[in-house]
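For reference, query16.txt (compact mmCIF, C-alpha atoms):
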# COMPACT_ATOMS: atom_id res chain seq x y z
CA MET A 22 74.70 197.95 155.17
CA ILE A 23 73.79 199.25 151.74
CA VAL A 24 73.84 196.05 149.76
CA ARG A 25 74.66 192.43 150.59
CA VAL A 26 75.28 189.79 147.95
CA LEU A 27 75.35 186.16 149.09
CA SER A 28 76.81 183.34 146.97
CA ALA A 29 75.61 184.99 143.79
CA CYS A 30 75.73 183.04 140.59
CA CYS A 31 74.84 184.52 137.20
CA GLU A 32 74.20 182.75 133.92
CA ARG A 33 73.77 184.45 130.58
CA SER A 34 72.38 182.22 127.80
CA SER A 35 73.38 179.05 129.71
CA HIS A 36 76.97 180.22 130.09
CA LYS A 37 78.16 180.81 133.63
CA VAL A 38 79.46 184.37 133.96
CA PHE A 39 80.37 184.33 137.63
CA ASP A 40 79.83 181.91 140.46
CA ASN A 41 79.63 182.03 144.25
CA ILE A 42 80.40 185.71 144.81
CA SER A 43 79.62 187.13 148.27
CA PHE A 44 80.30 190.57 149.62
CA GLU A 45 78.75 193.27 151.75
CA LEU A 46 78.99 196.93 150.96
CA LYS A 47 78.46 199.26 153.91
CA ASN A 48 77.76 202.96 154.03
CA GLY A 49 80.80 205.01 153.17
CA GLN A 50 82.64 202.11 151.58
CA ILE A 51 84.20 201.66 148.17
CA GLY A 52 84.10 198.23 146.57
CA PHE A 53 86.38 197.56 143.63
CA ILE A 54 85.63 194.87 141.03
CA SER A 55 88.55 193.61 138.99
CA GLY A 56 88.83 190.87 136.43
CA SER A 57 89.77 190.19 132.85
CA ASN A 58 87.48 190.79 129.86
CA GLY A 59 84.36 188.66 130.06
CA SER A 60 84.85 187.84 133.73
CA GLY A 61 81.47 189.38 134.56
CA LYS A 62 82.27 192.85 135.91
CA THR A 63 79.44 194.51 134.03
CA SER A 64 77.05 191.65 134.82
CA LEU A 65 77.80 191.94 138.54
CA LEU A 66 77.10 195.67 138.49
CA ARG A 67 73.89 195.13 136.56
CA VAL A 68 72.85 192.44 139.03
CA VAL A 69 73.31 194.90 141.90
CA ALA A 70 71.35 197.52 139.92
CA GLY A 71 68.52 195.02 139.47
CA LEU A 72 68.81 194.94 135.68
CA ILE A 73 69.76 191.25 135.56
CA SER A 74 68.36 188.56 137.82
CA LEU A 75 70.56 186.04 139.56
CA SER A 76 70.33 182.37 138.69
CA SER A 77 71.07 181.49 142.31
CA GLY A 78 72.04 183.35 145.45
CA THR A 79 70.47 186.33 147.11
CA ILE A 80 70.88 190.05 147.04
CA SER A 81 69.43 192.26 149.74
CA TYR A 82 69.39 195.99 150.12
CA GLY A 83 69.65 198.20 153.14
CA PRO A 84 66.92 200.27 154.76
CA LEU A 85 67.42 203.18 152.37
CA PHE A 86 65.80 201.21 149.60
CA ASP A 87 62.13 201.61 149.02
CA LEU A 88 60.71 198.23 149.96
CA ASN A 89 57.12 199.25 149.28
CA THR A 90 57.47 199.81 145.57
CA GLY A 91 60.05 197.09 145.09
CA HIS A 92 62.26 199.59 143.32
CA ASN A 93 65.86 199.80 144.34
CA ASN A 94 65.82 203.44 143.50
CA ASP A 95 68.50 204.66 145.81
CA LEU A 96 71.21 203.84 143.31
CA PHE A 97 72.52 205.28 140.09
CA LEU A 98 74.41 203.58 137.32
CA LEU A 99 77.13 204.93 135.07
CA GLY A 100 77.55 202.23 132.47
CA HIS A 101 79.15 201.78 129.07
CA ASN A 102 76.11 203.25 127.43
CA LEU A 103 76.01 206.74 128.81
CA ALA A 104 72.39 207.46 127.82
CA ILE A 105 73.30 210.84 126.37
CA LYS A 106 71.10 212.08 123.54
CA GLU A 107 72.79 213.76 120.58
CA ASP A 108 70.83 216.97 120.50
CA ILE A 109 70.56 217.75 124.18
CA THR A 110 72.98 220.22 125.77
CA PRO A 111 74.90 219.25 128.94
CA ASP A 112 73.04 221.94 130.84
CA ALA A 113 69.62 220.59 129.82
CA ASP A 114 70.75 217.02 130.44
CA ILE A 115 71.84 217.77 134.01
CA LYS A 116 68.65 219.70 134.61
CA PHE A 117 66.48 216.85 133.33
CA TRP A 118 68.20 214.09 135.29
CA SER A 119 68.44 216.01 138.54
CA ASN A 120 64.73 216.83 138.33
CA PHE A 121 63.82 213.34 137.16
CA LEU A 122 65.71 211.71 140.00
CA GLY A 123 64.05 214.08 142.41
CA SER A 124 67.03 216.04 143.62
CA SER A 125 67.31 219.78 143.64
CA ASN A 126 71.00 219.55 144.21
CA LYS A 127 72.84 220.94 141.18
CA LYS A 128 75.84 222.41 143.05
CA ASP A 129 77.73 223.40 139.91
CA ALA A 130 78.39 219.82 138.90
CA LEU A 131 79.22 220.84 135.33
CA LYS A 132 81.80 223.33 136.56
CA ARG A 133 83.35 220.68 138.76
CA VAL A 134 83.88 218.31 135.84
CA GLY A 135 85.14 221.10 133.61
CA LEU A 136 82.24 221.33 131.19
CA SER A 137 81.00 224.79 132.14
CA ASN A 138 82.26 226.35 128.89
CA LEU A 139 80.51 223.65 126.85
CA LYS A 140 77.21 223.61 128.65
CA LYS A 141 75.28 225.06 125.71
CA THR A 142 76.92 222.81 123.10
CA PRO A 143 74.86 219.87 121.83
CA CYS A 144 76.28 216.61 123.15
CA LYS A 145 77.01 215.21 119.68
CA TYR A 146 79.96 217.64 119.49
CA LEU A 147 81.45 216.38 122.76
CA SER A 148 84.31 213.90 122.81
CA GLN A 149 83.91 210.52 124.47
CA GLY A 150 85.85 211.71 127.51
CA GLN A 151 83.69 214.81 127.81
CA LYS A 152 80.57 212.66 127.63
CA GLN A 153 82.00 210.48 130.37
CA ARG A 154 82.54 213.60 132.47
CA LEU A 155 78.93 214.59 131.85
CA GLY A 156 78.00 211.15 133.17
CA ILE A 157 80.02 211.87 136.31
CA ALA A 158 78.30 215.23 136.72
CA ARG A 159 75.00 213.35 136.48
CA LEU A 160 76.10 211.07 139.32
CA MET A 161 76.89 214.10 141.46
CA VAL A 162 73.43 215.60 141.02
CA SER A 163 71.62 212.27 141.32
CA ASN A 164 71.56 212.43 145.13
CA LYS A 165 71.60 208.64 145.38
CA SER A 166 73.62 206.84 148.03
CA LEU A 167 74.88 203.91 145.96
CA TRP A 168 76.86 204.62 142.81
CA LEU A 169 77.57 201.80 140.38
CA LEU A 170 80.41 202.73 138.06
CA ASP A 171 81.27 200.51 135.12
CA GLU A 172 84.73 201.30 133.74
CA PRO A 173 84.38 204.99 134.60
CA THR A 174 87.95 205.81 133.58
CA SER A 175 87.84 204.07 130.19
CA SER A 176 88.02 207.30 128.20
CA LEU A 177 89.21 209.74 130.83
CA ASP A 178 92.63 211.41 130.86
CA SER A 179 94.75 211.24 134.01
CA ASP A 180 93.57 214.62 135.36
CA SER A 181 89.95 213.57 135.04
CA SER A 182 90.72 210.25 136.74
CA PHE A 183 92.12 212.18 139.71
CA LEU A 184 89.02 214.33 139.69
CA LEU A 185 86.82 211.23 139.68
CA LYS A 186 88.79 209.85 142.61
CA ASP A 187 88.18 213.09 144.54
CA ILE A 188 84.47 213.00 143.73
CA ILE A 189 84.19 209.36 144.85
CA THR A 190 86.07 210.08 148.08
CA GLU A 191 83.82 213.04 148.77
CA HIS A 192 80.73 210.89 148.16
CA THR A 193 81.85 208.25 150.65
CA LYS A 194 82.64 210.94 153.21
CA PHE A 195 78.95 211.85 153.21
CA GLY A 196 77.97 208.23 153.82
CA GLY A 197 77.52 207.18 150.20
CA SER A 198 78.84 203.94 148.80
CA VAL A 199 80.50 203.17 145.51
CA LEU A 200 80.91 199.92 143.62
CA VAL A 201 83.34 200.41 140.78
CA SER A 202 84.72 198.11 138.13
CA SER A 203 87.86 199.10 136.34
CA HIS A 204 91.06 197.89 134.72
CA SER A 205 93.11 200.77 136.04
CA GLU A 206 93.89 201.01 139.72
CA PHE A 207 93.04 204.67 139.97
CA LEU A 208 91.64 204.41 143.51
CA ASP A 209 93.97 203.89 146.48
CA ASN A 210 91.38 204.05 149.25
CA ILE A 211 89.24 201.02 148.43
CA ASP A 212 87.70 199.01 151.26
CA PHE A 213 87.61 195.67 149.51
CA LYS A 214 88.39 194.18 146.16
CA ILE A 215 86.34 191.57 144.34
CA ASP A 216 88.57 189.59 142.04
CA LEU A 217 86.30 187.85 139.58
CA ASP A 218 89.12 185.85 137.97
CA ASN A 219 90.15 184.15 141.22
CA LYS A 220 86.68 184.44 142.76
CA ASN A 221 87.83 185.95 146.02
CA VAL A 222 87.09 189.07 148.00
CA SER A 223 90.10 190.65 149.68
CA ILE A 224 90.33 193.60 152.01
CA MET B 22 53.24 213.35 138.72
CA PHE B 23 56.15 215.78 138.50
CA GLN B 24 58.35 213.14 136.86
CA PHE B 25 55.46 212.31 134.55
CA LYS B 26 55.28 215.90 133.28
CA LEU B 27 59.04 216.16 133.07
CA LEU B 28 59.41 213.06 130.94
CA LEU B 29 56.45 213.99 128.74
CA SER B 30 57.91 217.42 128.06
CA LYS B 31 61.30 215.87 127.32
CA GLU B 32 59.75 213.43 124.86
CA LEU B 33 57.72 216.18 123.20
CA LYS B 34 60.72 218.46 122.99
CA SER B 35 62.74 215.82 121.19
CA SER B 36 59.81 214.93 118.89
CA PHE B 37 59.19 218.55 117.96
CA SER B 38 62.87 219.39 117.45
CA ILE B 39 64.18 220.06 113.95
CA LYS B 40 65.13 216.42 113.46
CA GLY B 41 61.92 215.24 115.08
CA ASN B 42 59.48 212.71 113.79
CA TYR B 43 56.58 215.04 113.32
CA ILE B 44 57.92 216.53 110.06
CA LEU B 45 58.39 213.05 108.63
CA SER B 46 54.83 212.08 109.56
CA LEU B 47 53.38 215.29 108.13
CA ALA B 48 55.36 214.87 104.91
CA PHE B 49 54.51 211.20 104.48
CA PHE B 50 50.81 211.73 105.16
CA SER B 51 50.69 214.65 102.69
CA ILE B 52 52.57 212.78 99.99
CA ALA B 53 50.36 209.71 100.36
CA LEU B 54 47.21 211.80 99.97
CA ILE B 55 48.69 213.76 97.07
CA ILE B 56 49.79 210.78 94.99
CA LEU B 57 46.82 208.50 95.70
CA PRO B 58 44.33 210.62 93.66
CA ILE B 59 46.89 210.84 90.86
CA GLY B 60 47.07 207.06 90.74
CA ILE B 61 43.34 206.51 91.03
CA GLY B 62 42.33 209.11 88.49
CA PRO B 63 40.55 212.44 88.70
CA ASP B 64 36.96 211.13 88.80
CA LYS B 65 35.52 213.08 91.70
CA ASN B 66 32.66 210.68 92.35
CA VAL B 67 34.97 207.69 92.76
CA LEU B 68 37.37 209.67 94.91
CA SER B 69 34.75 211.04 97.25
CA ILE B 70 33.37 207.55 97.90
CA ILE B 71 36.75 206.06 98.79
CA SER B 72 38.21 209.18 100.46
CA PRO B 73 37.59 208.02 104.08
CA GLY B 74 39.45 204.80 103.35
CA LEU B 75 42.32 206.69 101.73
CA ILE B 76 42.71 208.95 104.75
CA TRP B 77 42.63 206.08 107.25
CA VAL B 78 45.03 203.85 105.32
CA SER B 79 47.42 206.78 105.05
CA LEU B 80 47.13 207.38 108.79
CA ILE B 81 48.06 203.78 109.56
CA LEU B 82 51.03 203.79 107.20
CA THR B 83 52.17 207.09 108.72
CA SER B 84 52.10 205.66 112.23
CA LEU B 85 54.58 202.94 111.27
CA LEU B 86 57.26 205.42 110.28
CA SER B 87 57.72 206.74 113.77
CA LEU B 88 56.88 203.66 115.85
CA ASN B 89 60.29 202.11 115.09
CA SER B 90 62.15 204.46 117.32
CA LEU B 91 59.69 204.57 120.21
CA PHE B 92 61.79 202.41 122.57
CA HIS B 93 64.67 201.33 120.35
CA ASP B 94 66.79 204.48 120.63
CA ASP B 95 66.44 204.57 124.40
CA TYR B 96 67.36 200.91 124.59
CA ILE B 97 70.48 201.31 122.47
CA ASP B 98 71.89 204.31 124.31
CA GLY B 99 71.13 202.98 127.80
CA THR B 100 68.41 205.46 128.76
CA LEU B 101 65.98 202.60 129.30
CA ASP B 102 68.34 201.12 131.94
CA LEU B 103 68.26 204.38 133.85
CA TYR B 104 64.46 204.52 133.61
CA LYS B 105 64.37 200.97 134.94
CA ILE B 106 66.32 201.90 138.07
CA SER B 107 64.33 205.10 138.56
CA SER B 108 61.15 205.25 140.58
CA LEU B 109 58.91 205.27 137.47
CA SER B 110 57.75 201.88 136.26
CA PHE B 111 57.70 200.79 132.64
CA ILE B 112 53.90 201.11 132.73
CA GLU B 113 54.25 204.84 133.20
CA ILE B 114 57.20 205.10 130.82
CA SER B 115 55.37 203.39 127.97
CA PHE B 116 52.20 205.37 128.66
CA ILE B 117 54.16 208.62 128.45
CA LYS B 118 56.00 207.55 125.33
CA SER B 119 52.81 206.47 123.53
CA LEU B 120 51.07 209.68 124.56
CA ALA B 121 53.99 211.75 123.28
CA HIS B 122 53.95 209.72 120.06
CA TRP B 123 50.27 210.49 119.57
CA ILE B 124 50.67 214.20 120.31
CA SER B 125 53.67 214.64 118.04
CA ASN B 126 52.65 212.39 115.15
CA PHE B 127 48.87 212.47 114.92
CA LEU B 128 47.77 215.83 116.29
CA PRO B 129 49.67 217.81 113.60
CA LEU B 130 47.90 215.72 110.94
CA LEU B 131 44.55 217.07 112.11
CA PHE B 132 45.59 220.52 110.96
CA ILE B 133 46.48 219.56 107.41
CA THR B 134 43.60 217.15 106.87
CA PRO B 135 41.21 219.95 105.76
CA LEU B 136 43.67 221.02 103.07
CA LEU B 137 44.41 217.49 101.90
CA SER B 138 40.75 216.50 101.89
CA LEU B 139 40.27 218.92 98.98
CA LEU B 140 42.65 216.81 96.91
CA ILE B 141 40.81 213.56 97.48
CA GLY B 142 37.35 215.02 96.98
CA LEU B 143 36.02 214.50 100.49
CA PRO B 144 32.62 216.23 100.70
CA ASN B 145 33.11 219.51 102.56
CA ASN B 146 30.30 218.90 105.03
CA LEU B 147 32.08 215.74 106.26
CA LEU B 148 35.24 217.56 107.32
CA ILE B 149 34.17 217.95 110.93
CA TYR B 150 33.22 214.26 111.08
CA ILE B 151 36.54 213.00 109.68
CA THR B 152 38.40 215.25 112.12
CA LEU B 153 36.40 213.78 114.97
CA SER B 154 37.05 210.22 113.84
CA ILE B 155 40.81 210.87 113.55
CA LEU B 156 40.88 212.50 116.98
CA VAL B 157 39.05 209.60 118.58
CA GLY B 158 40.62 206.71 116.67
CA THR B 159 44.33 207.50 116.40
CA PRO B 160 45.24 207.12 120.11
CA SER B 161 44.69 203.39 119.65
CA LEU B 162 47.28 203.37 116.85
CA SER B 163 49.94 204.91 119.09
CA PHE B 164 49.22 202.68 122.07
CA ILE B 165 48.87 199.43 120.11
CA GLY B 166 51.95 200.38 118.11
CA SER B 167 53.98 200.77 121.29
CA MET B 168 53.56 197.03 121.91
CA GLY B 169 55.11 196.24 118.53
CA SER B 170 57.92 198.62 119.29
CA ALA B 171 58.54 196.99 122.67
CA LEU B 172 58.47 193.48 121.20
CA THR B 173 61.11 194.22 118.59
CA LEU B 174 63.37 196.14 120.96
CA THR B 175 66.46 193.96 120.68
CA LEU B 176 66.12 192.98 117.04
CA ARG B 177 68.18 194.41 114.26
CA GLN B 178 65.39 194.07 111.71
CA HIS B 179 62.88 195.76 113.95
CA ASN B 180 61.44 198.12 111.37
CA LEU B 181 60.43 195.19 109.19
CA LEU B 182 58.80 193.20 111.96
CA ILE B 183 56.69 195.91 113.57
CA PRO B 184 54.21 196.14 110.64
CA LEU B 185 53.83 192.37 110.55
CA ILE B 186 53.07 192.19 114.24
CA ILE B 187 50.73 195.12 114.65
CA PHE B 188 48.91 195.50 111.34
CA PRO B 189 46.32 192.87 112.31
CA LEU B 190 45.68 194.78 115.53
CA PHE B 191 45.09 198.01 113.59
CA ILE B 192 42.28 196.49 111.55
CA PRO B 193 39.39 197.23 113.98
CA THR B 194 40.44 200.88 114.16
CA LEU B 195 40.65 201.00 110.38
CA ILE B 196 37.23 199.41 109.89
CA PHE B 197 35.40 201.71 112.27
CA GLY B 198 37.49 204.78 111.41
CA SER B 199 36.80 204.76 107.72
CA GLY B 200 33.46 202.98 108.17
CA SER B 201 32.07 205.79 110.28
CA ILE B 202 32.62 208.31 107.49
CA SER B 203 31.60 205.93 104.70
CA SER B 204 28.31 205.26 106.43
CA LEU B 205 27.65 209.00 106.43
CA ILE B 206 28.41 209.18 102.72
CA PHE B 207 26.20 206.19 101.87
CA THR B 208 23.31 206.53 104.30
CA GLY B 209 23.49 210.08 105.60
CA PHE B 210 22.37 208.98 109.07
CA GLU B 211 24.33 210.71 111.77
CA GLU B 212 23.24 208.10 114.28
CA ILE B 213 25.22 205.33 112.57
CA PHE B 214 28.26 207.57 112.57
CA ILE B 215 27.92 208.29 116.28
CA ARG B 216 27.64 204.60 117.13
CA GLN B 217 30.86 203.86 115.27
CA ILE B 218 32.56 206.77 117.02
CA TYR B 219 31.57 205.14 120.32
CA ILE B 220 33.21 201.90 119.18
CA LEU B 221 36.35 203.84 118.19
CA LEU B 222 36.32 205.48 121.61
CA GLY B 223 36.07 202.03 123.15
CA ILE B 224 39.00 200.69 121.12
CA SER B 225 41.15 203.69 122.03
CA GLY B 226 40.16 203.56 125.68
CA LEU B 227 40.89 199.85 125.88
CA SER B 228 44.28 200.22 124.24
CA ILE B 229 45.22 203.16 126.47
CA ALA B 230 44.31 201.07 129.50
CA VAL B 231 45.81 197.74 128.49
CA CYS B 232 48.79 198.38 126.18
CA PRO B 233 51.06 200.06 128.79
CA LEU B 234 50.56 197.02 131.03
CA ILE B 235 51.55 194.67 128.23
CA CYS B 236 54.50 196.91 127.31
CA ASN B 237 55.65 196.79 130.92
CA PHE B 238 55.67 193.01 130.77
CA ILE B 239 57.49 192.91 127.43
CA LEU B 240 60.10 195.50 128.40
CA ASP B 241 60.73 193.77 131.73
CA SER B 242 61.32 190.49 129.93
CA ASN B 243 64.37 192.09 128.32
CA TYR B 244 65.89 192.34 131.78
CA ASP B 245 66.21 188.79 132.99

Could you spell out this file's structure in structure tokens?
Amino acid sequence: MIVRVLSACCERSSHKVFDNISFELKNGQIGFISGSNGSGKTSLLRVVAGLISLSSGTISYGPLFDLNTGHNNDLFLLGHNLAIKEDITPDADIKFWSNFLGSSNKKDALKRVGLSNLKKTPCKYLSQGQKQRLGIARLMVSNKSLWLLDEPTSSLDSDSSFLLKDIITEHTKFGGSVLVSSHSEFLDNIDFKIDLDNKNVSI
Amino acid sequence: MFQFKLLLSKELKSSFSIKGNYILSLAFFSIALIILPIGIGPDKNVLSIISPGLIWVSLILTSLLSLNSLFHDDYIDGTLDLYKISSLSFIEISFIKSLAHWISNFLPLLFITPLLSLLIGLPNNLLIYITLSILVGTPSLSFIGSMGSALTLTLRQHNLLIPLIIFPLFIPTLIFGSGSISSLIFTGFEEIFIRQIYILLGISGLSIAVCPLICNFILDSNYD
């Protein structure tokens, strides 16, 4: 088990975002979060990342998480805000994050996402889709077992979506887990689906 | 420790880039000390008496220019979220950021102070003392300022609020910073200067020790 959420309820400024959500994500599994705008997809991911606290319910993490420091630092988040600085080059960005997250594993991530010819170009000249691909490259070098992806395909073309699917499948093959929220059904190998509109979890 | 160095060098690299804050601070500090004597008048006796105050007031105004963006940019683009889920705590993050702010915004000022002190008629023999007081006193400005920056993280009008919040906290540094040099001008006793430098050291040491803890609390309160 990587993460277990039990009857989670989340309130943002006294407005209930989601209610009574339970699921368990195991190693090597892909969880898919669907729902309409404002149904709480981003909030649920941020709850799992530990960026928002629950108003009721519990969330527990598996043995890979560092219980001593209280940090859930075996996860990495790819959110709406990509945290890419304007002046940094993709090469330097990947180098910084892989070092910062304590992994030495660079394995040509930029080449894999098709940014190798742009690796010396400052990120302000990259398109939104290219920035998103840099975010995916960051995930690959992060060396974390749980990936939280918030609308990862929002600005990707269809080829890149296929690439992302391959990368996710590869990650789960090595025992990693992925929790992804999206409008498009670009994954066909999901293990369970959390429907926030109807508040059910289906396999 | 490795992450610490990595983040510090990243912060310094972005501060010392072409668009970095340090040029703005250097320019603002120089302009303030160039136009103040023009406004006050060329009387060298008057200028030399108030020169320590001029330098310290300019330092405090300079610090405000760059404090706005200490945490705000990272908050807006999501970097702060990634720091939050990393193994570094906000105590370390805010310590690193304040340290980088001090290195990139105040250390360069030390090098142009000798030149600018000619313009405001600071007695030449006091140059080494003013340099010492800047070196010892300005860390408190960066670390206290980081609290203001953390408090106004989510606000749109953050650059207006920061001065209101942290100016009162800058006053002790200002009093003992300019007071240490003024006491040398008026009394000539080095001992009084040294005592005030000790107080400045105390203020800086206290703010280095306490402000990152408070910042941690404030930044965490944004994630509830």

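One finds CA of Ser110 (chain B) at 15.9 Å from CA of Asp245 (chain B).
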
### Task
For chain B, report every residue with an atom at most 9 Å from chain A (counting all atoms listed in the file), formatted as a PyMOL selection string.
chain B and resi 23-25+27-28+31+35+38+95-103+105-110+244-245

Keeping only C-alpha atoms, write those residues as a tab-separated table (two decimals), in the coordinates of the input.
chain	number	residue	atom	x	y	z
B	23	PHE	CA	56.15	215.78	138.50
B	24	GLN	CA	58.35	213.14	136.86
B	25	PHE	CA	55.46	212.31	134.55
B	27	LEU	CA	59.04	216.16	133.07
B	28	LEU	CA	59.41	213.06	130.94
B	31	LYS	CA	61.30	215.87	127.32
B	35	SER	CA	62.74	215.82	121.19
B	38	SER	CA	62.87	219.39	117.45
B	95	ASP	CA	66.44	204.57	124.40
B	96	TYR	CA	67.36	200.91	124.59
B	97	ILE	CA	70.48	201.31	122.47
B	98	ASP	CA	71.89	204.31	124.31
B	99	GLY	CA	71.13	202.98	127.80
B	100	THR	CA	68.41	205.46	128.76
B	101	LEU	CA	65.98	202.60	129.30
B	102	ASP	CA	68.34	201.12	131.94
B	103	LEU	CA	68.26	204.38	133.85
B	105	LYS	CA	64.37	200.97	134.94
B	106	ILE	CA	66.32	201.90	138.07
B	107	SER	CA	64.33	205.10	138.56
B	108	SER	CA	61.15	205.25	140.58
B	109	LEU	CA	58.91	205.27	137.47
B	110	SER	CA	57.75	201.88	136.26
B	244	TYR	CA	65.89	192.34	131.78
B	245	ASP	CA	66.21	188.79	132.99

### Task
Considering all atoms listed in the file, state which residue in the set B:Ala230, B:Ile76, B:Ile114, B:Ile151 is at the smallest distance from Ile202 (chain B).
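The shortest atom-to-atom distance to Ile202 (chain B) comes from B:Ile151.
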
### Task
Would you work out the distance separating CA of Lys34 (chain B) from CA of Ser125 (chain B), expressed in Å to one decimal?
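Going from CA of Lys34 (chain B) over to CA of Ser125 (chain B) covers 9.4 Å.
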
### Task
Counting all atoms listed in the file, figure out which residue out of B:Leu174, B:Leu181, B:Ala48, B:Val78 gets nearest to Ser90 (chain B).
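Using all atoms listed in the file, the shortest distance to Ser90 (chain B) belongs to B:Leu174.
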
### Atom-to-atom span, CA of Ala158 (chain A) and CA of Val134 (chain A), Å
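CA of Val134 (chain A) lies 6.4 Å from CA of Ala158 (chain A).
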
Give me the residues within 10 Å of Lys47 (chain A) as a CSV table (one decimal) with C-alpha atoms, in the coordinates of the input, counting all atoms listed in the file and dropping any in the same chain fewer than 3 places off.
chain,number,residue,atom,x,y,z
A,22,MET,CA,74.7,198.0,155.2
A,23,ILE,CA,73.8,199.2,151.7
A,24,VAL,CA,73.8,196.0,149.8
A,25,ARG,CA,74.7,192.4,150.6
A,44,PHE,CA,80.3,190.6,149.6
A,50,GLN,CA,82.6,202.1,151.6
A,51,ILE,CA,84.2,201.7,148.2
A,52,GLY,CA,84.1,198.2,146.6
A,83,GLY,CA,69.6,198.2,153.1
A,167,LEU,CA,74.9,203.9,146.0
A,196,GLY,CA,78.0,208.2,153.8
A,197,GLY,CA,77.5,207.2,150.2
A,198,SER,CA,78.8,203.9,148.8
A,199,VAL,CA,80.5,203.2,145.5
A,212,ASP,CA,87.7,199.0,151.3

### Message
Nearest residue to Pro73 (chain B) out of B:Leu57, B:Ile44, B:Leu143, B:Ile112, using only C-alpha atoms?
### Response
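For Pro73 (chain B), the nearest of the given residues is B:Leu143.
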
### Message
Using all atoms listed in the file, which protein or nucleic acid residues come within 10 Å of Leu131 (chain B)? Drop anything in the same chain fewer than 5 positions from it, and give the result as a list in words.
### Response
Leu47, Asn126, Leu136, Ile151, Thr152, Leu153, Ile155 and Leu156 of chain B

### Task
Would you list the contacts of Ile42 (chain A) as a PyMOL selection string, taking every protein, DNA or RNA residue within 8 Å and counting only C-alpha atoms, but skipping same-chain residues closer than 4 positions in sequence?
chain A and resi 26-30+220-221

### Query
Within 12 Å of (55.0, 195.9, 109.8), in the coordinates the file gives, what residues turn up when you count all atoms listed in the file, written out as a list of chain:residue names?
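Counting all atoms listed in the file, I find these residues within 12 Å of (55.0, 195.9, 109.8): B:Ile81, B:Leu82, B:Thr83, B:Ser84, B:Leu85, B:Leu86, B:Ser87, B:Leu88, B:Asn89, B:Gly166, B:Gly169, B:Ser170, B:Thr173, B:Gln178, B:His179, B:Asn180, B:Leu181, B:Leu182, B:Ile183, B:Pro184, B:Leu185, B:Ile186, B:Ile187, B:Phe188, B:Pro189, B:Leu190, B:Phe191.
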
What does the file look like for those residues with C-alpha atoms, as a short mmCIF file (atom, residue, chain, number, x, y, z; two decimals), keeping the file's coordinate frame?
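Saved the output as part-v1.cif:
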data_model
loop_
_atom_site.label_atom_id
_atom_site.label_comp_id
_atom_site.auth_asym_id
_atom_site.auth_seq_id
_atom_site.Cartn_x
_atom_site.Cartn_y
_atom_site.Cartn_z
CA ILE B 81 48.06 203.78 109.56
CA LEU B 82 51.03 203.79 107.20
CA THR B 83 52.17 207.09 108.72
CA SER B 84 52.10 205.66 112.23
CA LEU B 85 54.58 202.94 111.27
CA LEU B 86 57.26 205.42 110.28
CA SER B 87 57.72 206.74 113.77
CA LEU B 88 56.88 203.66 115.85
CA ASN B 89 60.29 202.11 115.09
CA GLY B 166 51.95 200.38 118.11
CA GLY B 169 55.11 196.24 118.53
CA SER B 170 57.92 198.62 119.29
CA THR B 173 61.11 194.22 118.59
CA GLN B 178 65.39 194.07 111.71
CA HIS B 179 62.88 195.76 113.95
CA ASN B 180 61.44 198.12 111.37
CA LEU B 181 60.43 195.19 109.19
CA LEU B 182 58.80 193.20 111.96
CA ILE B 183 56.69 195.91 113.57
CA PRO B 184 54.21 196.14 110.64
CA LEU B 185 53.83 192.37 110.55
CA ILE B 186 53.07 192.19 114.24
CA ILE B 187 50.73 195.12 114.65
CA PHE B 188 48.91 195.50 111.34
CA PRO B 189 46.32 192.87 112.31
CA LEU B 190 45.68 194.78 115.53
CA PHE B 191 45.09 198.01 113.59
#

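Take the candidates B:Asn237, B:Ser36, B:Ser154, B:Ser119 and check each one against Ile215 (chain B) using only C-alpha atoms; the shortest distance goes to B:Ser154.
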
### Task
Find the residue from A:Ser55, A:Thr110, A:Asn48, A:Ser43 that sits nearest to Leu147 (chain A); use all atoms listed in the file when measuring.
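With all atoms listed in the file as the atom set, the closest residue is A:Thr110.
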
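Considering only C-alpha atoms, the residue among B:Ser115, B:Ser51, B:Ser203, B:Thr194 positioned nearest to Leu222 (chain B) is B:Thr194.
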
Centre, edges in Å (one decimal): axis-aligned box, region 107-124 of chain B, 6 Å padding on all six sides, as lines of an AutoDock Vina configuration file:
center_x = 57.3
center_y = 207.5
center_z = 130.1
size_x = 26.1
size_y = 25.4
size_z = 33.0

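Within 10 Å of Leu155 (chain A), once all atoms listed in the file are used and residues closer than 6 positions along the same chain are dropped, the contacting residues are Leu103, Ile105, Pro111, Asp112, Asp114, Ile115, Ala130, Leu131, Val134, Gly135, Leu136, Lys140, Cys144, Leu147, Gln149 and Met161 of chain A.
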
### Query
Near Arg133 (chain A), within 12 Å and counting all atoms listed in the file, which residues show up once chain neighbours fewer than 5 positions away are dropped, as a list in words?
Lys127, Lys128, Asn138, Arg154, Leu155, Ile157, Ala158, Arg159, Met161, Val162, Ser181, Leu184, Leu185, Asp187 and Ile188 of chain A
